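Inspection log for the structure reproduced underneath, given as structure tokens.
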Amino acid sequence: MKVILHCPIDAPGVPALSRRTPLVLAPFLGSTVLSHALTGLAGEGVKQVRLQAGDKTAEILRVIGKGDLWGLKISGGLAHDPEFSGARTVSLDSLPQWPDIALWTSYPTWFKAQLTLMERLARMRVGMREQRAGVFVGLRTRVAADAQLVGPAWIGDNVFIGAGAIVGPEVVIEDDSYLDDGAEVVGSIVGPGTYAGSFTELKRSFAWGRELLSLETGSVTEVQDRFLLGEAKAPGFSISRLWKRWQKKNSTS
Amino acid sequence: MKPQRTESVMLVQVPPELNATNAVTFREGIRAALTTTTTTVDFDLSKTRFVDSSGLGALIAIHKTMLNRSGHVRVLNPGPSVLQILEVTRLNRLFEVVHS
């Protein structure tokens, strides 16, 4: 079975999501929208995918490769490929496996889609466990004993949540992120590899590296102070050093 | 920064950017302009696009100065970006934020 997969380059309802990456590669519950879509298509028995994403096609193909991860053969380009004559066209305005859940209408819609699919995708993710009702935690994630986790919450792989932090309800913490002691995240998404400093408060926001997007107003701010918000793997910034410091502090107190 | 004054309220127009390059001058300029009758400092942030930790430090310093004088500070009309910074740092709880 063959599919032409149309990937929107941007969407008027969520312009900030395509600032940093092609829209379909925006973070979405442990992966990207495109990755989840390819998983769905493979599950339907699709074998070949022709990806169409305008001038972003080559960039996207560089990231996802030729499809081995999904058992698919993926090619791309706008030119007509006779091999795909009569193939079904799928538009990535929603995930093929959940066509009723719109993704890009607005920021609240995008956030709501993640909350709606959280439990379903958590149960499909290797190693993810439900630590308490509605709180899904990934592999190699460390949570301080006195941190408060309130579901629904997705906490990805290799995440650190410090002492006294408050996470949830309605939160997605993507992989490789670090919430320092006392940070509070409610109704928000923390993008992959993001550091949120001590006592930072995120509400109705999407924080990804230094970029902070308000899910309510669509306003985007670039935070200049790395101790507030930043890339967890930025030059001169060591998560392992933070972790060692935290261990030392908590073994002596 | 051009403070305007009524008898007890000093209105300060905060510059478009308040950061490490101008935060100290900003803070000291306000302190110098305070009089014994000033009970409130209003920071008009409507034209401010960007504040970093040095800028926030200046606002906090004036807040502390005013507390010591039994006065207070208000933040007027912060734009979405500045409001996000105030919320991330929880300073929206410290300052009275006024939208008009």
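Order determines the names: the first chain of the structure tokens is A, the second B, and so forth; residues in each chain are numbered 1 upward, and ligands are numbered 1 upward as they are shown.
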> Hey, what's within 7 Å of stretch 32-46 of chain A if we count only C-alpha atoms and toss same-chain stuff fewer than 5 positions away? As an MDAnalysis selection string, please?
Replying inline: chainID A and resid 1:2 24:27 70 72 95:97
Could you write out the selected residues, including C-alpha atoms, as a tab-separated table (two decimals), in the first residue's frame?
```tsv
chain	number	residue	atom	x	y	z
A	1	MET	CA	0.00	0.00	0.00
A	2	LYS	CA	1.28	3.46	-0.91
A	24	VAL	CA	5.62	18.29	11.48
A	25	LEU	CA	8.86	17.86	13.46
A	26	ALA	CA	7.56	19.87	16.42
A	27	PRO	CA	7.72	17.88	19.68
A	70	TRP	CA	8.97	2.23	10.77
A	72	LEU	CA	8.58	1.93	5.49
A	95	LEU	CA	-2.71	11.94	12.82
A	96	PRO	CA	-3.92	9.26	10.38
A	97	GLN	CA	-4.76	6.91	13.27
```
>> Show me, as a PyMOL selection string, every residue of chain B with an atom at most 12 Å from chain A, counting only C-alpha atoms.
In response: chain B and resi 18-20+49-56+79-93
> Among stretch 2-240 of chain A, which ones does DSSP place in strand (DSSP E or B), written as a PyMOL selection string?
Replying inline: chain A and resi 2-6+27-28+31-32+48-52+73-76+88-91+94-95+98-102+129-132+135-137+142-143+148-149+153-155+160-161+166-167+171-173+178-179+184-186+188-190+194-196+201-203+205-208+211-214+220-222+229-231
> Quick one: distance from atom CA of A:Glu216 to atom CA of A:Leu17 in Å, one decimal?
Replying inline: 13.9 Å
> Could you name the residues that touch stretch 47-64 of chain A at 6 Å or less, counting only C-alpha atoms, but leaving out those on the same chain fewer than 2 positions away, as number ranges by chain?
Replying inline: A: 1-7, 72-78
Got time to write the residues from that selection, C-alpha atoms, as a short mmCIF file (atom, residue, chain, number, x, y, z; two decimals), in the first residue's frame?
```cif
data_model
loop_
_atom_site.label_atom_id
_atom_site.label_comp_id
_atom_site.auth_asym_id
_atom_site.auth_seq_id
_atom_site.Cartn_x
_atom_site.Cartn_y
_atom_site.Cartn_z
CA MET A 1 0.00 0.00 0.00
CA LYS A 2 1.28 3.46 -0.91
CA VAL A 3 0.49 6.87 0.55
CA ILE A 4 1.31 10.43 -0.45
CA LEU A 5 1.83 12.24 2.84
CA HIS A 6 1.23 15.96 2.64
CA CYS A 7 3.03 17.76 5.45
CA LEU A 72 8.58 1.93 5.49
CA LYS A 73 10.18 3.06 2.28
CA ILE A 74 10.05 6.87 2.36
CA SER A 75 10.87 9.16 -0.53
CA GLY A 76 10.08 12.80 -1.05
CA GLY A 77 9.57 15.59 -3.53
CA LEU A 78 6.94 17.64 -5.27
#
```
> Rounded to one decimal in Å, what is the spacing between atom CA of B:Lys64 and atom CA of B:Phe43?
Replying inline: 14.3 Å
If you count only C-alpha atoms, which residues fall within 9 Å of stretch 101-113 of chain A, apart from same-chain ones fewer than 3 positions away, as a PDB file with C-alpha atoms, in the first residue's frame?
```
ATOM      1  CA  ASP A  10       3.383  26.021   8.674  1.00  0.00           C
ATOM      2  CA  ALA A  11      -0.114  26.708   9.947  1.00  0.00           C
ATOM      3  CA  PRO A  12      -1.714  30.107  10.551  1.00  0.00           C
ATOM      4  CA  GLY A  13      -3.095  28.996  13.899  1.00  0.00           C
ATOM      5  CA  VAL A  14       0.308  27.994  15.294  1.00  0.00           C
ATOM      6  CA  LEU A  17       5.669  26.029  16.157  1.00  0.00           C
ATOM      7  CA  VAL A  33       3.908  14.509  14.852  1.00  0.00           C
ATOM      8  CA  LEU A  92      -1.030  15.760   8.295  1.00  0.00           C
ATOM      9  CA  ASP A  93      -3.601  18.121   9.779  1.00  0.00           C
ATOM     10  CA  SER A  94      -4.360  15.265  12.124  1.00  0.00           C
ATOM     11  CA  LEU A  95      -2.706  11.943  12.818  1.00  0.00           C
ATOM     12  CA  TRP A  98      -6.843   9.639  15.003  1.00  0.00           C
ATOM     13  CA  THR A 116      -6.206  13.652  24.655  1.00  0.00           C
ATOM     14  CA  LEU A 117      -3.629  11.247  23.239  1.00  0.00           C
ATOM     15  CA  MET A 118      -1.362  11.151  26.285  1.00  0.00           C
ATOM     16  CA  GLY A 187      -0.839  23.351  32.045  1.00  0.00           C
ATOM     17  CA  SER A 188       2.308  23.538  29.950  1.00  0.00           C
ATOM     18  CA  ILE A 189       4.743  21.737  27.692  1.00  0.00           C
ATOM     19  CA  ARG A 204      -0.152  27.771  29.972  1.00  0.00           C
ATOM     20  CA  SER A 214       2.247  31.545  25.631  1.00  0.00           C
ATOM     21  CA  LEU A 215      -0.370  28.966  24.702  1.00  0.00           C
ATOM     22  CA  GLU A 216      -3.058  31.551  25.416  1.00  0.00           C
ATOM     23  CA  THR A 217      -1.822  34.585  23.490  1.00  0.00           C
ATOM     24  CA  GLY A 218       0.695  33.065  21.048  1.00  0.00           C
TER      25      GLY A 218
END
```
>> Quick check for you: according to DSSP on this backbone, which residues of stretch 12-249 of chain A are classed as helix (DSSP H, G or I)? Reply as a ChimeraX atom specification.
In response: /A:15-18,23-25,33-44,54-64,68-70,82-84,107-124,239-249
